[in-house]
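To start, the structure itself, in structure tokens.
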Amino acid sequence: MLTKVRPVEMRGTIFSRLLLVTVLTLLFLSCPVQAAARYNGTWQSGSGGGKVKAIHYRSGKYRLIDLKSGKTLTVSSVKKGARLKKTAWKKKAAQLWTVKKNKNGTITFLSVKNKRYALSITKEKATLEKKSGAKSMSFAKETSAPRKAGAGGISSAANGVSQNGWLSVRGTQLVNEHGSPLVLHGMSSHGLQWYSNFTTSNAIGATAAYGANLFRVAMYTEENGYLSNKSGILEKLYDAVDAALSRNMYVIIDWHILSDFNPKTHQSEAKTFFNRVSAHYANTPGVLYEICNEPNGGTGWKEIKSYANAVIPVIRKNSPRSVIIVGTPTWSQDVDVAAADPLSYANVMYAFHFYAGTHGQWLRDKVSMALSKGAPVFVSEWGTSAADGNGGVYKSAANIWISFMKQHSLSWANWSLCDKSESSAALKPGANAENGIGEKELSASGKYVFSQF
Ligand code: IDC
């Protein structure tokens with residue numbers, strides 16, 4: 001009996017398997033990956049309320065970022081009129097939305113927690129409401145110029161993540177997803193523990209208005225940084241990274257060692273940290289990792305290499321495509337030494353830092369040497385001041401560095417976007433960047449740097 005029945009069952013199984021494969025193939029072909037991301041962008045509710053930025057997460061689900069705060073809209077409870085929270089991005093269902101297309105061309109965002117509930121934004125508030133055709137639940141894509149775009153205004157990067165996608169390294173050159181060379185320019189934050197008031201969506205968007213497409217988030221490990229307040233600083237880091245992404249900027253997560261001299265001092269904390277953040281931003285093409293700001297105090301390339309070989313696989317396991325920047329000996333100056341004994345990973349770049357008032361031709365020679373050996377260099381920090389962050393502004397020395405970086409298509413981040421009373425700070429003491437950065441806010445260094453993006 002059984003032997004008679006089995007072939008029929010088998011035929012059924014093979015047939016249904018074939019059907020399944022065909023259906024899956026058709027489904028795959030009819031919805032390429034980009035299709036799900038077609039709602040990426042800034043959306044405004046029909047009742048003239050606030051704007052949200054939609055970023056595709058996965059499988060047609062989006063996260064929504066409140067443009068004012070740069071934070072992620074989060075459902076706190078699924079009931080009519082419940083206020084939405086603005087929090088750090090944690091990949092929770094309460095932070096995910098699907099899109100429903102409306103007949104008039106607008107879209108409605110439905111909560112993944114319960115698809116009968118939709119995002120509603122009025123002038124006063126953002127809430128969750130039972131789905132209806134109300135204007136507050138109908139969102140139109142922003143086509144007009146963003147608020148006060150242009151120098152002095154706030155905007156999103158014109159040549160940023162949505163235009164370039166995942167980055168990689170070809171030879172010594174950073175290239176975009178289509179293989180075209182891309183150069184990133186922008187500001188570095190000062191220490192997150194002190195100056196997170198300048199890592200908001202508006203402050204970063206103010207640099208985009210001048211043409212920046214990069215932001216570096218400097219997360220100090222010591223000096224009251226991450227190691228003394230892990231959850232608090234991590235929250236600030238997520239907020240800063242999300243703020244930069246909400247402005248279409250590439251963003252560097254910088255493990256800012258300095259007084260800790262040798263990256264191996266905190267290697268196990270670094271592994272835990274990078275495991276966590278690279279899982280958090282696994283599917284986010286805008287994020288680059290700088291795994292040790294400035295090894296110093298006699299730390300040699302051998303030790304840095306051993307640290308890099310421990311940390312890079314941790315990041316690569318979660319986010320295989322991310323570009324990783326590795327610090328070099330002597331405050332990230334000895335790129336020539338790294339070039340002589342490079343790491344074996346692809347998509348790795350070597351950090352080079354300079355300060356115009358202290359460093360000159362002898363240091364440019366190290367970069368030229370590294371490039372000639374085929375080592376990719378990223379200028380992840382430079383200043384117009386002397387190396388102590390003060391003195392200057394050394395404009396004519398900076399001019400020589402700027403033309404050198406242009407000549408070699410080097411990407412750079414300038415130290416720093418803050419209002420500290422030191423000449424490397426881009427803003428005047430007491431400056432507020434929330435309404436844009438103009439003549440009134442810019443320091444002498446800021447005026448110089450913002451005209452170079
Ligand atoms: C400086 C800051 C200064 C702070 C000091 C110590 O400008 O306000 O007191 O760090 O935290 C670097 C470092 C960067 C330095 C900067 C200027 O990466 O943290 O910032 N610099 O000294 N390398 C060379 C110069």
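Ordering of the structure tokens sets the chain letters (A, B, ...), residue numbers begin anew at 1 in every chain, and ligands are numbered from 1 in the order given.
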
**Q.** Close residues, A:Thr299 itself excluded, 12 Å, only C-alpha atoms, min 6 positions apart in chain, as a ChimeraX atom specification
**A.** /A:258,260-265,292,305-307,327-332,334

File dump, residues just selected, C-alpha atoms, as a PDB file, in the first residue's frame:
ATOM      1  CA  LEU A 258      43.229  59.886  23.324  1.00  0.00           C
ATOM      2  CA  ASP A 260      44.145  56.041  26.780  1.00  0.00           C
ATOM      3  CA  PHE A 261      47.140  56.051  24.356  1.00  0.00           C
ATOM      4  CA  ASN A 262      46.927  52.439  23.212  1.00  0.00           C
ATOM      5  CA  PRO A 263      43.714  51.019  21.695  1.00  0.00           C
ATOM      6  CA  LYS A 264      44.472  47.672  23.324  1.00  0.00           C
ATOM      7  CA  THR A 265      43.889  49.282  26.754  1.00  0.00           C
ATOM      8  CA  CYS A 292      40.581  54.115  17.260  1.00  0.00           C
ATOM      9  CA  LYS A 305      47.201  45.981  13.924  1.00  0.00           C
ATOM     10  CA  SER A 306      46.513  43.386  16.571  1.00  0.00           C
ATOM     11  CA  TYR A 307      43.643  45.546  17.909  1.00  0.00           C
ATOM     12  CA  GLY A 327      43.960  54.893  13.421  1.00  0.00           C
ATOM     13  CA  THR A 328      47.725  54.989  12.861  1.00  0.00           C
ATOM     14  CA  PRO A 329      50.708  55.561  15.200  1.00  0.00           C
ATOM     15  CA  THR A 330      51.667  59.023  16.550  1.00  0.00           C
ATOM     16  CA  TRP A 331      48.173  60.570  16.778  1.00  0.00           C
ATOM     17  CA  SER A 332      47.168  59.080  13.407  1.00  0.00           C
ATOM     18  CA  ASP A 334      52.142  57.557  10.488  1.00  0.00           C
TER      19      ASP A 334
END

Name the residues, by chain letter and number, that sit within 9 Å of ligand 1 using only C-alpha atoms and all ligand atoms, and give them as an MDAnalysis selection string.
-> chainID A and resid 190:191 218 220 222:223 256:259 293:294 331:332 353:355 381:383 385:390 415:416 420:425

Export of prior selection with N, CA and C atoms as a CSV table (one decimal), in the first residue's frame:
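Wrote result-v8.csv, looks like this:
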chain,number,residue,atom,x,y,z
A,190,HIS,N,32.7,67.7,18.6
A,190,HIS,CA,33.6,67.7,19.7
A,190,HIS,C,33.2,66.5,20.6
A,191,GLY,N,33.7,66.4,21.8
A,191,GLY,CA,33.3,65.2,22.6
A,191,GLY,C,31.8,65.2,22.9
A,218,ALA,N,32.4,62.1,17.5
A,218,ALA,CA,33.5,61.8,18.3
A,218,ALA,C,33.1,61.3,19.7
A,220,TYR,N,34.3,60.1,22.9
A,220,TYR,CA,35.5,59.8,23.8
A,220,TYR,C,35.3,58.6,24.6
A,222,GLU,N,37.6,57.9,27.3
A,222,GLU,CA,37.9,58.3,28.6
A,222,GLU,C,37.4,59.8,28.8
A,223,GLU,N,38.0,60.5,29.8
A,223,GLU,CA,37.6,61.9,30.0
A,223,GLU,C,36.1,62.0,30.2
A,256,HIS,N,36.8,57.4,20.2
A,256,HIS,CA,37.8,58.5,20.4
A,256,HIS,C,38.8,58.2,21.5
A,257,ILE,N,39.7,57.4,21.3
A,257,ILE,CA,40.8,57.2,22.3
A,257,ILE,C,41.7,58.4,22.2
A,258,LEU,N,42.3,58.8,23.3
A,258,LEU,CA,43.2,59.9,23.3
A,258,LEU,C,44.1,59.7,24.6
A,259,SER,N,43.6,60.0,25.7
A,259,SER,CA,44.4,59.8,26.9
A,259,SER,C,44.6,58.4,27.3
A,293,ASN,N,40.6,56.5,17.4
A,293,ASN,CA,41.0,57.9,17.0
A,293,ASN,C,42.5,58.1,16.8
A,294,GLU,N,43.2,58.2,17.9
A,294,GLU,CA,44.6,58.5,17.8
A,294,GLU,C,45.5,57.7,18.8
A,331,TRP,N,49.4,59.8,17.0
A,331,TRP,CA,48.2,60.6,16.8
A,331,TRP,C,47.6,60.5,15.3
A,332,SER,N,47.7,59.3,14.8
A,332,SER,CA,47.2,59.1,13.4
A,332,SER,C,47.9,59.9,12.4
A,353,HIS,N,45.6,62.4,10.5
A,353,HIS,CA,45.1,63.7,11.2
A,353,HIS,C,46.2,64.7,11.1
A,354,PHE,N,45.8,66.0,10.9
A,354,PHE,CA,46.8,67.1,10.9
A,354,PHE,C,46.2,68.3,11.5
A,355,TYR,N,47.0,69.2,12.0
A,355,TYR,CA,46.6,70.5,12.5
A,355,TYR,C,47.5,71.6,11.7
A,381,GLU,N,40.2,63.7,10.8
A,381,GLU,CA,40.2,64.8,11.7
A,381,GLU,C,41.3,65.8,11.2
A,382,TRP,N,41.0,67.1,11.1
A,382,TRP,CA,42.0,68.1,10.9
A,382,TRP,C,41.5,69.4,11.5
A,383,GLY,N,42.5,70.3,11.8
A,383,GLY,CA,42.1,71.5,12.4
A,383,GLY,C,42.9,72.7,11.7
A,385,SER,N,43.8,75.1,13.5
A,385,SER,CA,44.6,75.6,14.7
A,385,SER,C,45.9,74.9,14.8
A,386,ALA,N,46.6,75.1,15.9
A,386,ALA,CA,47.7,74.2,16.3
A,386,ALA,C,47.2,72.9,16.8
A,387,ALA,N,48.1,72.0,17.1
A,387,ALA,CA,47.6,70.6,17.5
A,387,ALA,C,47.0,70.6,18.8
A,388,ASP,N,47.1,71.7,19.7
A,388,ASP,CA,46.4,71.7,20.9
A,388,ASP,C,45.0,72.2,20.8
A,389,GLY,N,44.5,72.4,19.6
A,389,GLY,CA,43.2,72.9,19.4
A,389,GLY,C,43.0,74.4,19.5
A,390,ASN,N,44.1,75.1,19.8
A,390,ASN,CA,44.1,76.5,19.9
A,390,ASN,C,45.2,77.2,19.0
A,415,TRP,N,37.8,69.4,12.8
A,415,TRP,CA,37.6,69.5,14.3
A,415,TRP,C,37.4,71.0,14.6
A,416,SER,N,36.3,71.4,15.2
A,416,SER,CA,35.1,70.6,15.5
A,416,SER,C,33.9,71.5,15.5
A,420,LYS,N,33.1,75.9,21.9
A,420,LYS,CA,34.1,76.1,22.9
A,420,LYS,C,35.0,77.3,22.6
A,421,SER,N,35.5,77.9,23.6
A,421,SER,CA,36.3,79.0,23.4
A,421,SER,C,37.8,78.6,23.1
A,422,GLU,N,37.9,78.0,21.9
A,422,GLU,CA,39.2,77.6,21.4
A,422,GLU,C,39.2,77.8,19.9
A,423,SER,N,40.3,78.1,19.3
A,423,SER,CA,40.2,78.6,17.9
A,423,SER,C,39.8,77.5,16.9
A,424,SER,N,40.0,76.2,17.2
A,424,SER,CA,39.6,75.1,16.3
A,424,SER,C,38.0,75.0,16.3
A,425,ALA,N,37.3,75.6,17.2
A,425,ALA,CA,35.8,75.5,17.2
A,425,ALA,C,35.3,76.3,16.1

**OP:** Considering only C-alpha atoms, state which residue in the set A:Gly41, A:Pro376, A:Pro181, A:Gly165 is at the smallest distance from A:Gly286.
**Re:**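 Once distances to A:Gly286 are computed over only C-alpha atoms, the minimum belongs to A:Gly165.
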
query = Using the chain letters and numbers from this document, which residues of stretch 302-402 of chain A does DSSP assign to alpha helix (DSSP H), as a PyMOL selection string?
reply = chain A and resi 302-318+329-332+335-340+361-372+395-402

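Considering the residues A:Gly150, A:Gly186, A:Gly438, A:Gly298 and counting only C-alpha atoms, A:Ala244 has its shortest atom-to-atom contact with A:Gly186.
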
- request: Mind the document's chain letters and residue numbers, and return as a count of residues only the residues of stretch 342-431 of chain A that DSSP labels strand (DSSP E or B).
  value: 22
